[in-house]
Amino acid sequence: QAGPKIRVGYWPIAAGLPFYAAVELGYFKEAGLNVEPLKFAGAQQVMEGMLSDRADGSANGTGSANIAIGEIAAPGTFKIFCSNPSNAKNVLDEVIVPAGSPAKVMADLKGKRVGSGPGIQNVTLAKTVLERGGATGATVVELPIGQHVAALAAGQLDGCYTLEPTGTIGRMNGTTRVLEAGVIARYVLGDPMAPWFGGSASLTSAFIKKNPAEAKKFIAAYAKGVAYVRTKPDEARQYMKGYTAIEGPLTGEVPLAAYMMYDEFKPADIAHFQKFFDLFSEKGIFSSRLMVETMLYKG
Amino acid sequence: MNAVVNAPVFADVPKPAFQPGPAGTHITIRGLTKYFAGWPLYENFDLDIPKHKIVSVFGPNGCGKSTLINMIAGLIPIDSGEILFDGKSLKDTKIGYVFQNYREAMFPWMRTIDNIAYPLKLAGKSKVEVDRRMAELVASFDVKFDLNRYPYEMSGGQQQTASIMRALAPNPEVLFLDEPFSALDFEMTLFIREKLQEVFMQTGTTMLLVSHDLEEAVYLADEVLLLTKRPTKVAEILPYNDPRPRTVETLSQPSFISAKKLSLEIFQREVRR
Amino acid sequence: MNAVVNAPVFADVPKPAFQPGPAGTHITIRGLTKYFAGWPLYENFDLDIPKHKIVSVFGPNGCGKSTLINMIAGLIPIDSGEILFDGKSLKDTKIGYVFQNYREAMFPWMRTIDNIAYPLKLAGKSKVEVDRRMAELVASFDVKFDLNRYPYEMSGGQQQTASIMRALAPNPEVLFLDEPFSALDFEMTLFIREKLQEVFMQTGTTMLLVSHDLEEAVYLADEVLLLTKRPTKVAEILPYNDPRPRTVETLSQPSFISAKKLSLEIFQREVRR
Amino acid sequence: MAATSPAAKPWTPPAAQASAKVPREPAWNKALPFIGPVVLFILWDLAVRTGMIKALLLPPPLDALGALVKGLWGGPLLGDFLMTVWRTLQAFLIAAIVGMPLGVLLGSNEKAYRSVEFLIDFFRSTPSSALIPLFLMIFGVSDVNKVAIAAFGAFLIVVFNSAYGVINARKQRVMAARVMGATRWQVFKDVLIWESLQPSFVGLRSAVSMALVIVIVAEMFIGADSGLGNRIINSQQVMNVRDMYASILAAGALGYALNILFLMLERKIVHWSGR
Amino acid sequence: MAATSPAAKPWTPPAAQASAKVPREPAWNKALPFIGPVVLFILWDLAVRTGMIKALLLPPPLDALGALVKGLWGGPLLGDFLMTVWRTLQAFLIAAIVGMPLGVLLGSNEKAYRSVEFLIDFFRSTPSSALIPLFLMIFGVSDVNKVAIAAFGAFLIVVFNSAYGVINARKQRVMAARVMGATRWQVFKDVLIWESLQPSFVGLRSAVSMALVIVIVAEMFIGADSGLGNRIINSQQVMNVRDMYASILAAGALGYALNILFLMLERKIVHWSGR
Ligand SMILES: Nc1ncnc2c1ncn2[C@@H]1O[C@H](COP(=O)(O)OP(=O)(O)OP(=O)(O)O)[C@@H](O)[C@H]1O
Ligand SMILES: Nc1ncnc2c1ncn2[C@@H]1O[C@H](COP(=O)(O)OP(=O)(O)OP(=O)(O)O)[C@@H](O)[C@H]1O
Ligand SMILES: [Mg+2]
Ligand SMILES: [Mg+2]
């Protein structure tokens, strides 16, 4: 294969499934592409990898906000070609509580201690969700996401704003239940069924410019992976193994994300995407307002 | 199962009955055995150290003099045998010890005066008592160097002087002196020698003195213990009974000269054997 | 700005012109000054150490004998003054040194024999040469203990013997001996004393010997250097010229006895001052 | 001890003259500690200037320094800095006060040490980030947690170093004390503690750095709302590299300062070192 | 040295008889190292059994041990375990081979040490997790990265301990070598290295634990597809506590084993210790 090596960074979570499937099913090879998956320990690292020219693209699951921050630092670097929206149906974000918790709605967490993943992005989202959900006066405690179920089970926290598969794990071992899923969609975007474009697959502009043909082929092959996941979700689940920590019975239980290719975006979707970015600009996480339009791959 | 016919019979060598030393024995050593690296240093060694006497130990380098005192003082474990203190246990006996390696025996984190006072503090003496005793010692030793300095700021001889003062401070019942004069200058040697005699005459402290200077050894001794080369045995125990206080005149007394001559002969016979 | 009228005039004390020692001087010391903790030990100290002679240094404890040799050997920095070696620099002079604290000067990670051979290895001698010299030394010292052991497995006297052998191994041009006999037994002291004399007669090595035993000091000396108490000055330099080899007979020679007596008188005068 | 003074000072030293003669350290010796940071900054600057590393990811050193100075000079960095200092000190003090005597004690009885050696080596070799879940279980999600985990990590190091300080020390002084009739307790407090001081100080210095490292790790990964670790992870998330490296600089400089403090303490206390 | 033998062995020791008399270590001394782990397991078991900590969060020790044994006995844990061992050894070897001589060298010249002290203390006090972005920039996500960052951390510890080993050593033996005409290099290799061996060993043991810790941290926080750290974070994410604690046990036990290895080495090499 004479083509350039395409280094794709991924964060080992379920949302990257189309990419994992496309690699395993040989879609990239079929297209004559030489794709090298690179595992990073966080979305942040994937984005920095692309910035420092150690990766040419990212798989789904890489935080859109992380990519955006890179884009603000180096405008014009990233092109999003596929995003994975979540909402009350395609669950990613959720608030969970101990199985025996009396809380019925978000507002019941008023004045309680609520966990969130560490770092300013998670905390901002958690605070916004709690506030708008009526749980005023709740204390947000930063805690690694892997510790959320444990902290709830041990009674150290009253609830957690967390991401899948945490809710599923807690449900399966009977210690926690989901209080509300798709909370960002509901409280930030204003509609439980609105798409929150939390994660995105992207390529660097530099790569697209240098290898326009390969970029096209790559996106097409990636789209095949997306289509596969959409049509045969249960069959696709097996490819989580080896790419993520998910294995065993959990594989069949974790909710799958929805996917939206660049050419499927409708103006309403872009507006929802923009709304998410605007929250972060408003909260000062983005140092300036960033327009989603400019970041979307145009084909 | 095959019965073993005519199996060899193992019999333990019967332990010899304990033989107490003569009356007035302070330290009784019986059947002392000590090996180093598989070689015997002492094997079944017996010795009685008399009470209220000075015993000078004289023997060639490496014959085990330091090791012997260390074993008596309980600092090195013995392989087998017994060491008994008259009436009391080792723990209840107040011991003074001047180490051959006096440099490593001082505590560099204390000023020299505190080093000297240390055994008194151990004995729970009050500040006043300690101060009184220190003043006494300093006056009696006529110390000319600054005891407020740390030991590592002292010359070899000064450290050894301090080491001797420390050993004498608590008025010990038994005093072990391992080459206490080795780093002292001419005057100081004479001076400390007299001091030791003075202390002895006042208190009757049992002393065990290792010295390579025969004159010193005999001059101070009630008994000269001559040791052989390794594996070490008692070559001879020579009594020397000239009256105390012994003085410079003693050194020219025929009894002194003959005791010294005899010791030397035995020593040389043993070393050259 | 006010001009300072009649400002005091500071003039530097002119440095005294360098005074070379008499012919045959090996080490020239001029204006040596050394303070410890703000107190002077040496102040403007001058000394000539003759070549091919043995100088015995005799002085009270703490007068600075060890410090003096250490300064000459370049081990302790001097505060001011000059120390010059005849013709060569200190670096080009092969030095042998027996430390007063010989225990800490041996390398416990080497067997004793390797300690002794170490200066030869430093000098780049081949294995064969080293072995030859070691065999020579061992035979000449008639060593009775196991040199394959490590230094810390040796008695004090054995370590000191090894330390002396190490100093002699490379046939040094200058030999510093800081109380080399302090831990040696009677026989060994006599024996090493003779060895040193033998080495001296064969090689003419310049030696500086610190000893608290006046007999030894004078017996070996061409010159006896008597030092005062601190701050240290030269009290006297006594020549002693009896022919070599000196033997047991020398000890009863009137010249020896008078040299010894004179040294003692000067020493006592200085100490008691 | 008044009685000893006259004997001990047989003559008065001409002190003024004396001190004038004591050779002074040359002035440039004082500049030595600055060589390290200067070299670091030059290399760092070169790496950024030549474009080896994008300024986007690694700010020029002067920028980071500027952010550091501005942040510390009453800026928001100061509060986080002080918080981290406070947590580190708490953790370190607990570790030192419990660990040093315990280490010396264990070291003085090799059998006792052998019996706990497994635990010490075990936990020393387990990353604190892997133990976070355990500590979360025990101490909850409170602030105590961060101090506890750092204290634990530092404690292990103090115990280890103090114990080996005693085990490796020469035994002659212990023998001297024993023969003077010192009880085990007296040997412990008058000899062993002192004899082990020097290696203990090496241990204390390792421990203070370790405490700082773990506090920051805990602030980063357990999550906290203050402290340098929190600052580092937050600025990392928003790619504010200037602030991020300013915080890292603050952490490192804090570590250096604490080390120097201990070095000076050691020089003062262990005056017999090397003699 | 053949010529010396006759003189050196004036008599033949009755060796057989002699060794029979040398007192043997009592058998239960051998059991001492097992007290620690047994106590740990009992406490752990009690904590779980009494429900103080839910079995969901902390598995009973036997479960974790079971998972450990099963995993190591040809199970998937073995591969990760070996990977971590291999990375740790690489990192440690680099650190030891470069760090020890460098530390001794710096220690022998205090001025030199003062001039780099800042860098050493600085980086010792900066958590490796904060430096991960930097190392990612320099080495990428490759395997080299994990080894490099661990080697760097371990290196600092080795340098620090070896340097202070020399600085704190008594100077008499150096003087002895100097006066025998040893060059600086000879003093270095024949005296300083040896004199500092004991503290260096303490440093090496600290460093091997540190290398292990950082390798695991790197495996946890830099994307890795193998190694104990990767296993720990994976099982942590899906709350497979049995596997998680089995991996932690493996890491700790590995650390202990490496430490014991070095302890034995030290006993063999530094035979003069304490005398
Ligand atoms: N590091 C130091 N700090 C302060 N004073 C010191 C130091 N080293 C030595 N001295 C002092 O310098 C003096 C000379 O010491 P030195 O060891 O040279 O004496 P010496 O003549 O060899 O004595 P000795 O016969 O006892 O060996 C002593 O009074 C000692 O107290
Ligand atoms: N740790 C050890 N290992 C092996 N042998 C040892 C050890 N300690 C001492 N020895 C040996 O035991 C013998 C006796 O040593 P000791 O120090 O008691 O002799 P000493 O009579 O005091 O000699 P000196 O007059 O030289 O001080 C020596 O031959 C020495 O080599
Ligand atoms: Mg001895
Ligand atoms: Mg001296």
# chains A, B, ... in the order shown; residues from 1 in each chain; ligands from 1
$ select_by_dssp --residues "range 42-259 of chain A" --states "strand (DSSP E)" --output "ChimeraX atom specification"
/A:57-58,78-86,93-98,113-116,139-142,159-163,176-181,196-204
$ residues_near_ligand --ligand "ligand 3" --cutoff "6 Å" --atoms "only C-alpha atoms and all ligand atoms" --output "PyMOL selection string"
(chain B and resi 65-66) or (chain C and resi 155-156)
$ write_last_selection --atoms "C-alpha atoms" --output "PDB file, in the first residue's frame"
ATOM      1  CA  LYS B  65      41.951  -9.304  74.152  1.00  0.00           C
ATOM      2  CA  SER B  66      39.352  -6.886  72.839  1.00  0.00           C
TER       3      SER B  66
ATOM      4  CA  SER C 155      42.229  -6.746  65.447  1.00  0.00           C
ATOM      5  CA  GLY C 156      43.420  -3.193  65.979  1.00  0.00           C
TER       6      GLY C 156
END
$ residues_near_ligand --ligand "ligand 1" --cutoff "9 Å" --atoms "only C-alpha atoms and all ligand atoms" --output "number ranges by chain"
B: 145-146, 149-160, 183-185; C: 35-41, 58-70, 100, 178-179, 210-212, 227, 229-230; D: 275
$ closest_residue --among "A:Ile208, A:Val123, A:Ala221, A:Ala107" --to "Leu33 in chain A" --atoms "only C-alpha atoms"
A:Ala221
$ interface_residues --of "chain E" --to "chain D" --cutoff "6 Å" --atoms "only C-alpha atoms" --output "count of residues only"
27
$ interface_residues --of "chain E" --to "chain A" --cutoff "7 Å" --atoms "only C-alpha atoms" --output "PDB file with N, CA, C and O atoms, in the first residue's frame"
ATOM      1  N   LEU E  57     -17.176  -3.187  46.440  1.00  0.00           N
ATOM      2  CA  LEU E  57     -16.126  -2.195  46.213  1.00  0.00           C
ATOM      3  C   LEU E  57     -14.759  -2.768  46.488  1.00  0.00           C
ATOM      4  O   LEU E  57     -13.780  -2.373  45.877  1.00  0.00           O
ATOM      5  N   GLY E 140       5.832  11.084  21.960  1.00  0.00           N
ATOM      6  CA  GLY E 140       4.629  10.539  21.349  1.00  0.00           C
ATOM      7  C   GLY E 140       3.986   9.488  22.235  1.00  0.00           C
ATOM      8  O   GLY E 140       4.343   9.334  23.399  1.00  0.00           O
ATOM      9  N   PHE E 221      -2.404   6.373  32.369  1.00  0.00           N
ATOM     10  CA  PHE E 221      -2.790   7.691  31.880  1.00  0.00           C
ATOM     11  C   PHE E 221      -2.245   8.050  30.503  1.00  0.00           C
ATOM     12  O   PHE E 221      -2.590   9.065  29.938  1.00  0.00           O
ATOM     13  N   ILE E 222      -1.336   7.252  29.991  1.00  0.00           N
ATOM     14  CA  ILE E 222      -0.986   7.402  28.586  1.00  0.00           C
ATOM     15  C   ILE E 222      -1.594   6.167  27.954  1.00  0.00           C
ATOM     16  O   ILE E 222      -1.464   5.085  28.494  1.00  0.00           O
ATOM     17  N   GLY E 223      -2.240   6.293  26.835  1.00  0.00           N
ATOM     18  CA  GLY E 223      -2.896   5.118  26.259  1.00  0.00           C
ATOM     19  C   GLY E 223      -1.926   3.957  26.123  1.00  0.00           C
ATOM     20  O   GLY E 223      -0.840   4.113  25.577  1.00  0.00           O
ATOM     21  N   ALA E 224      -2.321   2.822  26.687  1.00  0.00           N
ATOM     22  CA  ALA E 224      -1.485   1.642  26.553  1.00  0.00           C
ATOM     23  C   ALA E 224      -2.425   0.499  26.273  1.00  0.00           C
ATOM     24  O   ALA E 224      -3.590   0.545  26.654  1.00  0.00           O
ATOM     25  N   ASN E 234      -8.688  -0.207  33.265  1.00  0.00           N
ATOM     26  CA  ASN E 234      -9.792  -0.850  32.580  1.00  0.00           C
ATOM     27  C   ASN E 234     -10.772  -1.481  33.555  1.00  0.00           C
ATOM     28  O   ASN E 234     -11.976  -1.290  33.453  1.00  0.00           O
ATOM     29  N   SER E 235     -10.215  -2.219  34.520  1.00  0.00           N
ATOM     30  CA  SER E 235     -11.149  -2.879  35.432  1.00  0.00           C
ATOM     31  C   SER E 235     -11.813  -1.849  36.339  1.00  0.00           C
ATOM     32  O   SER E 235     -12.940  -2.035  36.781  1.00  0.00           O
ATOM     33  N   GLN E 236     -11.103  -0.743  36.571  1.00  0.00           N
ATOM     34  CA  GLN E 236     -11.684   0.316  37.379  1.00  0.00           C
ATOM     35  C   GLN E 236     -12.891   0.912  36.650  1.00  0.00           C
ATOM     36  O   GLN E 236     -13.925   1.163  37.256  1.00  0.00           O
ATOM     37  N   GLN E 237     -12.737   1.096  35.350  1.00  0.00           N
ATOM     38  CA  GLN E 237     -13.821   1.718  34.580  1.00  0.00           C
ATOM     39  C   GLN E 237     -15.078   0.876  34.559  1.00  0.00           C
ATOM     40  O   GLN E 237     -16.178   1.403  34.555  1.00  0.00           O
ATOM     41  N   VAL E 238     -14.900  -0.428  34.528  1.00  0.00           N
ATOM     42  CA  VAL E 238     -16.095  -1.260  34.479  1.00  0.00           C
ATOM     43  C   VAL E 238     -16.380  -1.878  35.839  1.00  0.00           C
ATOM     44  O   VAL E 238     -17.180  -2.793  35.960  1.00  0.00           O
TER      45      VAL E 238
END
$ atom_distance --atom1 "CA of Phe276 in chain A" --atom2 "CA of Pro195 in chain A"
9.9 Å
$ interface_residues --of "chain B" --to "chain D" --cutoff "6 Å" --atoms "only C-alpha atoms" --output "PyMOL selection string"
chain B and resi 105+108+119+131+135+144-147
$ residues_around --residues "Arg246 in chain B" --least-positions-apart "4" --cutoff "8 Å" --atoms "only C-alpha atoms" --output "list in words"
Tyr219, Asp242 and Thr250 of chain B
$ atom_distance --atom1 "CA of Glu94 in chain A" --atom2 "CA of Thr176 in chain A"
12.0 Å
$ residues_around --residues "Tyr187 in chain A" --least-positions-apart "6" --cutoff "12 Å" --atoms "only C-alpha atoms" --output "list in words"
Asn87, Ala88, Asp93, Glu94, Val95, Met106, Leu125, Ala126, Lys127, Thr128, Val129, Leu130, Glu131, Arg132, Gly133, Gly134, Ala135, Glu180, Ala181, Met193, Ala194, Pro195, Trp196, Lys275, Phe276 and Leu279 of chain A
$ residues_around --residues "range 44-46 of chain C" --least-positions-apart "2" --cutoff "12 Å" --atoms "only C-alpha atoms" --output "number ranges by chain"
C: 15-16, 18-21, 27-35, 40-42, 48-49, 64, 68, 78-84, 227-228, 230-235
$ write_last_selection --atoms "N, CA and C atoms" --output "short mmCIF file (atom, residue, chain, number, x, y, z; two decimals), in the first residue's frame"
data_model
loop_
_atom_site.label_atom_id
_atom_site.label_comp_id
_atom_site.auth_asym_id
_atom_site.auth_seq_id
_atom_site.Cartn_x
_atom_site.Cartn_y
_atom_site.Cartn_z
N LYS C 15 55.18 41.55 52.80
CA LYS C 15 55.34 40.10 52.96
C LYS C 15 56.83 39.84 53.16
N PRO C 16 57.23 39.07 54.18
CA PRO C 16 58.66 38.83 54.35
C PRO C 16 59.21 38.07 53.15
N PHE C 18 61.04 35.33 50.98
CA PHE C 18 61.13 33.90 51.21
C PHE C 18 62.55 33.50 51.59
N GLN C 19 62.65 32.78 52.69
CA GLN C 19 63.96 32.35 53.16
C GLN C 19 64.11 30.87 52.89
N PRO C 20 64.91 30.47 51.90
CA PRO C 20 65.06 29.03 51.68
C PRO C 20 65.75 28.37 52.86
N GLY C 21 65.43 27.10 53.09
CA GLY C 21 66.06 26.35 54.17
C GLY C 21 67.49 26.01 53.80
N ILE C 27 61.47 19.47 52.73
CA ILE C 27 60.20 20.19 52.79
C ILE C 27 60.42 21.51 53.53
N THR C 28 60.04 22.59 52.89
CA THR C 28 60.23 23.91 53.48
C THR C 28 58.87 24.50 53.84
N ILE C 29 58.69 24.85 55.09
CA ILE C 29 57.42 25.44 55.51
C ILE C 29 57.68 26.87 55.94
N ARG C 30 56.93 27.79 55.37
CA ARG C 30 57.14 29.21 55.67
C ARG C 30 55.82 29.91 55.96
N GLY C 31 55.78 30.58 57.07
CA GLY C 31 54.63 31.43 57.39
C GLY C 31 53.31 30.68 57.46
N LEU C 32 53.39 29.41 57.85
CA LEU C 32 52.19 28.57 57.89
C LEU C 32 51.24 29.07 58.98
N THR C 33 50.00 29.27 58.60
CA THR C 33 49.00 29.71 59.56
C THR C 33 47.77 28.85 59.42
N LYS C 34 47.25 28.40 60.53
CA LYS C 34 46.04 27.56 60.50
C LYS C 34 45.21 27.85 61.73
N TYR C 35 43.98 28.20 61.50
CA TYR C 35 43.05 28.45 62.60
C TYR C 35 42.01 27.36 62.64
N PRO C 40 43.90 30.21 66.84
CA PRO C 40 45.08 29.84 66.06
C PRO C 40 45.64 28.51 66.53
N LEU C 41 46.02 27.68 65.57
CA LEU C 41 46.77 26.48 65.92
C LEU C 41 48.23 26.75 65.55
N TYR C 42 48.42 27.13 64.29
CA TYR C 42 49.74 27.56 63.86
C TYR C 42 49.64 29.01 63.42
N ASP C 48 61.99 23.53 58.50
CA ASP C 48 62.65 22.83 57.39
C ASP C 48 62.76 21.37 57.75
N ILE C 49 62.29 20.53 56.86
CA ILE C 49 62.41 19.09 57.11
C ILE C 49 63.48 18.55 56.17
N GLY C 64 48.91 19.74 67.54
CA GLY C 64 48.78 19.93 66.10
C GLY C 64 49.73 19.09 65.27
N LEU C 68 49.61 19.08 61.32
CA LEU C 68 50.80 19.49 60.58
C LEU C 68 51.07 18.53 59.42
N ILE C 78 45.52 24.97 54.13
CA ILE C 78 46.14 25.87 55.08
C ILE C 78 45.51 27.24 54.90
N ASP C 79 45.53 28.02 55.98
CA ASP C 79 44.92 29.35 55.87
C ASP C 79 45.83 30.29 55.10
N SER C 80 47.12 30.24 55.43
CA SER C 80 48.07 30.99 54.62
C SER C 80 49.46 30.41 54.85
N GLY C 81 50.41 30.83 54.05
CA GLY C 81 51.76 30.30 54.16
C GLY C 81 52.09 29.44 52.95
N GLU C 82 53.31 28.87 53.00
CA GLU C 82 53.77 28.06 51.87
C GLU C 82 54.37 26.76 52.36
N ILE C 83 54.15 25.73 51.61
CA ILE C 83 54.81 24.45 51.88
C ILE C 83 55.43 24.01 50.57
N LEU C 84 56.77 23.94 50.54
CA LEU C 84 57.44 23.63 49.28
C LEU C 84 58.19 22.32 49.39
N LEU C 227 57.61 20.19 69.86
CA LEU C 227 56.63 21.24 69.66
C LEU C 227 56.07 21.72 70.99
N THR C 228 55.66 22.98 71.00
CA THR C 228 55.07 23.54 72.22
C THR C 228 53.58 23.28 72.21
N ARG C 230 49.67 24.63 72.11
CA ARG C 230 48.97 25.50 71.19
C ARG C 230 48.92 26.93 71.70
N PRO C 231 49.08 27.98 70.93
CA PRO C 231 49.45 27.99 69.51
C PRO C 231 50.87 27.49 69.32
N THR C 232 51.02 26.62 68.40
CA THR C 232 52.20 25.76 68.34
C THR C 232 53.41 26.45 67.72
N LYS C 233 54.53 26.29 68.41
CA LYS C 233 55.83 26.78 67.92
C LYS C 233 56.81 25.62 67.98
N VAL C 234 57.94 25.80 67.33
CA VAL C 234 59.01 24.82 67.50
C VAL C 234 59.70 25.13 68.82
N ALA C 235 59.71 24.18 69.75
CA ALA C 235 60.39 24.41 71.02
C ALA C 235 61.89 24.23 70.82
#
$ atom_distance --atom1 "CA of Leu228 in chain E" --atom2 "CA of Asp80 in chain E"
5.3 Å
$ select_by_dssp --residues "range 172-267 of chain D" --states "alpha helix (DSSP H)" --output "MDAnalysis selection string"
chainID D and resid 172:179 184:187 193:195 197:221 228:237 241:267
